[in-house]
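To start, the structure under review is shown below, and the notes come after it.
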Amino acid sequence: MNARTLLVVPYKFYRVPLAVVDEQVARRLPADSGPRLVFDRALGSYDRLAGRLLGDVAVAEQGSDRIARSAKLADAVALERDAAAYRDQAAEEIGAGQRSAAVKRKTAQQRLADGLDEANARERQGKQRAAAQARADATRGKQQAAARTKQRVGAIQQGLQKVDAVTDAKLQQTRRGTNAKLDQARATKTAANSARARADQLGQLAATKRNSRTKRDNSTG
């Protein structure tokens with residue numbers, strides 16, 4: 001009995017229960033679930049090591065294929081998780097920008113209303129003072145009060161326009177950042193799909209190899 005025969009027996013002995021777990025438990029889990037990925041990596045490492053020790057290329061390739069496929073699926077899961085995080089962050093930022101813009105616009109409108117009330121009050125005071133003076137002075141005083149009111153309203157309106165411009169600029173900046181994150185999320189999702197497709201290709205290739213090897217073994221047997 002040579003050394004290889006001594007290694008084959010314990011390998012097959014311990015491999016049987018692992019195969020049972022793989023068929024009856026692990027394969028019922030989603031291919032990209034955490035427990036399934038851990039089990040696939042462990043079983044693949046065991047097969048690859050055993051294949052190398054036994055000099056069995058088929059077993060070693062089977063283990064390497066399982067490890068590669070589980071690694072690709074793990075990458076796909078991580079990329080999909082990152083894509084979801086980017087989308088959530090983008091949605092939160094655009095929502096915060098819109099809320100901030102609404103608050104600033106409301107504040108500016110309130111300041112305009114307060115300024116108009118103050119201007120009206122001062123105009124009434126000016127008219128009252130002008131009424132106590134001579135008719136000519138009263139007319140001149142009304143004109144001056146109206147001019148001051150017009151000037152103040154114009155200044156308030158300019159301030160409101162500036163607030164709107166700053167608010168719109170910040171909102172546009174937030175949207176650009178959000179669009180960049182959404183683009184990054186889509187790119188990350190695409191990378192995840194590519195990784196998942198590669199994992200499926202590796203699985204199919206491994207299955208094809210195993211089927212070809214089985215047919216070849218059956219024909220030689």
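Ligands are numbered from 1 in the order shown, chains are lettered A, B, ... in the order of the structure tokens, and residues start at 1 in each chain.
Within 8 Å of A:Ala206, once only C-alpha atoms are used and residues closer than 6 positions along the same chain are dropped, the contacting residues are Gln62, Asp65 and Arg66 of chain A.
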Output the selection as a PDB file, in the first residue's frame - C-alpha atoms for each residue.
```
ATOM      1  CA  GLN A  62     -12.627  21.236  -8.435  1.00  0.00           C
ATOM      2  CA  ASP A  65     -13.090  26.372  -9.103  1.00  0.00           C
ATOM      3  CA  ARG A  66     -15.250  26.373  -5.980  1.00  0.00           C
TER       4      ARG A  66
END
```
Using only C-alpha atoms, tabulate the residues of stretch 56-146 of chain A lying at most 12 Å from any atom of stretch 163-176 of chain A, each with its closest atom pair and that distance in Å to one decimal, by chain and increasing residue number, as JSON lines.
```
{"residue": "A:Gln89", "atom": "CA", "partner": "A:Thr174", "partner_atom": "CA", "distance": 11.6}
{"residue": "A:Ala90", "atom": "CA", "partner": "A:Arg175", "partner_atom": "CA", "distance": 8.6}
{"residue": "A:Ala91", "atom": "CA", "partner": "A:Arg175", "partner_atom": "CA", "distance": 9.8}
{"residue": "A:Glu92", "atom": "CA", "partner": "A:Thr174", "partner_atom": "CA", "distance": 10.5}
{"residue": "A:Glu93", "atom": "CA", "partner": "A:Thr174", "partner_atom": "CA", "distance": 6.9}
{"residue": "A:Ile94", "atom": "CA", "partner": "A:Arg175", "partner_atom": "CA", "distance": 6.2}
{"residue": "A:Gly95", "atom": "CA", "partner": "A:Thr174", "partner_atom": "CA", "distance": 9.5}
{"residue": "A:Ala96", "atom": "CA", "partner": "A:Thr174", "partner_atom": "CA", "distance": 9.0}
{"residue": "A:Gly97", "atom": "CA", "partner": "A:Leu171", "partner_atom": "CA", "distance": 5.7}
{"residue": "A:Gln98", "atom": "CA", "partner": "A:Leu171", "partner_atom": "CA", "distance": 6.9}
{"residue": "A:Arg99", "atom": "CA", "partner": "A:Leu171", "partner_atom": "CA", "distance": 9.8}
{"residue": "A:Ser100", "atom": "CA", "partner": "A:Thr167", "partner_atom": "CA", "distance": 8.2}
{"residue": "A:Ala101", "atom": "CA", "partner": "A:Thr167", "partner_atom": "CA", "distance": 5.6}
{"residue": "A:Ala102", "atom": "CA", "partner": "A:Thr167", "partner_atom": "CA", "distance": 8.8}
{"residue": "A:Val103", "atom": "CA", "partner": "A:Thr167", "partner_atom": "CA", "distance": 9.8}
{"residue": "A:Lys104", "atom": "CA", "partner": "A:Thr167", "partner_atom": "CA", "distance": 7.2}
{"residue": "A:Arg105", "atom": "CA", "partner": "A:Asp164", "partner_atom": "CA", "distance": 6.7}
{"residue": "A:Lys106", "atom": "CA", "partner": "A:Asp164", "partner_atom": "CA", "distance": 10.3}
{"residue": "A:Thr107", "atom": "CA", "partner": "A:Val163", "partner_atom": "CA", "distance": 9.5}
{"residue": "A:Ala108", "atom": "CA", "partner": "A:Val163", "partner_atom": "CA", "distance": 7.0}
{"residue": "A:Gln109", "atom": "CA", "partner": "A:Val163", "partner_atom": "CA", "distance": 10.0}
{"residue": "A:Arg111", "atom": "CA", "partner": "A:Val163", "partner_atom": "CA", "distance": 11.2}
{"residue": "A:Leu112", "atom": "CA", "partner": "A:Val163", "partner_atom": "CA", "distance": 11.5}
```
Would you output that residue set with N, CA and C atoms, as a PDB file, in the first residue's frame?
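The result, written out as result_15.pdb:
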```pdb
ATOM      1  N   GLN A  89     -27.349  57.257   0.471  1.00  0.00           N
ATOM      2  CA  GLN A  89     -26.676  58.510   0.801  1.00  0.00           C
ATOM      3  C   GLN A  89     -27.103  59.625  -0.145  1.00  0.00           C
ATOM      4  N   ALA A  90     -27.218  59.298  -1.429  1.00  0.00           N
ATOM      5  CA  ALA A  90     -27.638  60.297  -2.408  1.00  0.00           C
ATOM      6  C   ALA A  90     -29.054  60.781  -2.113  1.00  0.00           C
ATOM      7  N   ALA A  91     -29.950  59.874  -1.784  1.00  0.00           N
ATOM      8  CA  ALA A  91     -31.332  60.254  -1.478  1.00  0.00           C
ATOM      9  C   ALA A  91     -31.390  61.143  -0.244  1.00  0.00           C
ATOM     10  N   GLU A  92     -30.577  60.832   0.762  1.00  0.00           N
ATOM     11  CA  GLU A  92     -30.563  61.629   1.988  1.00  0.00           C
ATOM     12  C   GLU A  92     -30.032  63.032   1.720  1.00  0.00           C
ATOM     13  N   GLU A  93     -29.001  63.145   0.893  1.00  0.00           N
ATOM     14  CA  GLU A  93     -28.415  64.453   0.621  1.00  0.00           C
ATOM     15  C   GLU A  93     -29.363  65.338  -0.188  1.00  0.00           C
ATOM     16  N   ILE A  94     -30.026  64.776  -1.179  1.00  0.00           N
ATOM     17  CA  ILE A  94     -30.950  65.591  -1.959  1.00  0.00           C
ATOM     18  C   ILE A  94     -32.138  66.018  -1.105  1.00  0.00           C
ATOM     19  N   GLY A  95     -32.589  65.131  -0.208  1.00  0.00           N
ATOM     20  CA  GLY A  95     -33.681  65.499   0.685  1.00  0.00           C
ATOM     21  C   GLY A  95     -33.275  66.612   1.625  1.00  0.00           C
ATOM     22  N   ALA A  96     -32.054  66.523   2.182  1.00  0.00           N
ATOM     23  CA  ALA A  96     -31.566  67.565   3.092  1.00  0.00           C
ATOM     24  C   ALA A  96     -31.419  68.886   2.350  1.00  0.00           C
ATOM     25  N   GLY A  97     -30.932  68.840   1.102  1.00  0.00           N
ATOM     26  CA  GLY A  97     -30.783  70.069   0.327  1.00  0.00           C
ATOM     27  C   GLY A  97     -32.117  70.741   0.047  1.00  0.00           C
ATOM     28  N   GLN A  98     -33.117  69.931  -0.272  1.00  0.00           N
ATOM     29  CA  GLN A  98     -34.438  70.498  -0.545  1.00  0.00           C
ATOM     30  C   GLN A  98     -35.054  71.111   0.714  1.00  0.00           C
ATOM     31  N   ARG A  99     -34.868  70.416   1.849  1.00  0.00           N
ATOM     32  CA  ARG A  99     -35.411  70.967   3.100  1.00  0.00           C
ATOM     33  C   ARG A  99     -34.721  72.275   3.473  1.00  0.00           C
ATOM     34  N   SER A 100     -33.391  72.311   3.304  1.00  0.00           N
ATOM     35  CA  SER A 100     -32.655  73.530   3.622  1.00  0.00           C
ATOM     36  C   SER A 100     -33.084  74.683   2.720  1.00  0.00           C
ATOM     37  N   ALA A 101     -33.270  74.401   1.432  1.00  0.00           N
ATOM     38  CA  ALA A 101     -33.691  75.444   0.499  1.00  0.00           C
ATOM     39  C   ALA A 101     -35.073  75.985   0.871  1.00  0.00           C
ATOM     40  N   ALA A 102     -35.971  75.084   1.279  1.00  0.00           N
ATOM     41  CA  ALA A 102     -37.321  75.520   1.647  1.00  0.00           C
ATOM     42  C   ALA A 102     -37.289  76.419   2.888  1.00  0.00           C
ATOM     43  N   VAL A 103     -36.454  76.058   3.866  1.00  0.00           N
ATOM     44  CA  VAL A 103     -36.351  76.863   5.095  1.00  0.00           C
ATOM     45  C   VAL A 103     -35.800  78.250   4.782  1.00  0.00           C
ATOM     46  N   LYS A 104     -34.749  78.305   3.952  1.00  0.00           N
ATOM     47  CA  LYS A 104     -34.147  79.604   3.632  1.00  0.00           C
ATOM     48  C   LYS A 104     -35.108  80.485   2.845  1.00  0.00           C
ATOM     49  N   ARG A 105     -35.839  79.875   1.929  1.00  0.00           N
ATOM     50  CA  ARG A 105     -36.794  80.653   1.132  1.00  0.00           C
ATOM     51  C   ARG A 105     -37.919  81.211   2.031  1.00  0.00           C
ATOM     52  N   LYS A 106     -38.381  80.381   2.961  1.00  0.00           N
ATOM     53  CA  LYS A 106     -39.427  80.840   3.867  1.00  0.00           C
ATOM     54  C   LYS A 106     -38.936  81.980   4.757  1.00  0.00           C
ATOM     55  N   THR A 107     -37.678  81.863   5.221  1.00  0.00           N
ATOM     56  CA  THR A 107     -37.094  82.914   6.062  1.00  0.00           C
ATOM     57  C   THR A 107     -36.982  84.222   5.290  1.00  0.00           C
ATOM     58  N   ALA A 108     -36.539  84.123   4.029  1.00  0.00           N
ATOM     59  CA  ALA A 108     -36.404  85.320   3.205  1.00  0.00           C
ATOM     60  C   ALA A 108     -37.763  85.983   2.972  1.00  0.00           C
ATOM     61  N   GLN A 109     -38.777  85.182   2.723  1.00  0.00           N
ATOM     62  CA  GLN A 109     -40.120  85.735   2.520  1.00  0.00           C
ATOM     63  C   GLN A 109     -40.635  86.426   3.780  1.00  0.00           C
ATOM     64  N   ARG A 111     -38.763  87.831   6.061  1.00  0.00           N
ATOM     65  CA  ARG A 111     -38.023  89.092   6.204  1.00  0.00           C
ATOM     66  C   ARG A 111     -38.586  90.171   5.291  1.00  0.00           C
ATOM     67  N   LEU A 112     -38.987  89.770   4.073  1.00  0.00           N
ATOM     68  CA  LEU A 112     -39.596  90.735   3.160  1.00  0.00           C
ATOM     69  C   LEU A 112     -40.890  91.279   3.738  1.00  0.00           C
TER      70      LEU A 112
END
```
For A:Leu49: contacts at 12 Å, only C-alpha atoms, fewer than 3 positions along chain excluded, given as an MDAnalysis selection string: chainID A and resid 7 11 42:46 52:64 67
List the spatial neighbours of A:Arg198 as a ChimeraX atom specification - criterion: any atom at most 12 Å away, only C-alpha atoms, same-chain residues fewer than 3 positions off excluded. /A:65,68-76,191-195,201-205
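Each of A:Ala119, A:Ala199, A:Ala84, A:Ala78 was compared to A:Gly154 using only C-alpha atoms, and A:Ala119 turns out to be the nearest.
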Could you tell me which of A:Arg48, A:Arg87, A:Arg135, A:Arg36 comes closest to A:Lys189 if we count only C-alpha atoms?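 Going through A:Arg48, A:Arg87, A:Arg135, A:Arg36 one by one, the smallest distance to A:Lys189 is for A:Arg87.
With only C-alpha atoms as the basis for measurement, A:Leu79 is the residue among A:Ala121, A:Leu79, A:Ile156, A:Ala207 that approaches A:Thr190 most closely.
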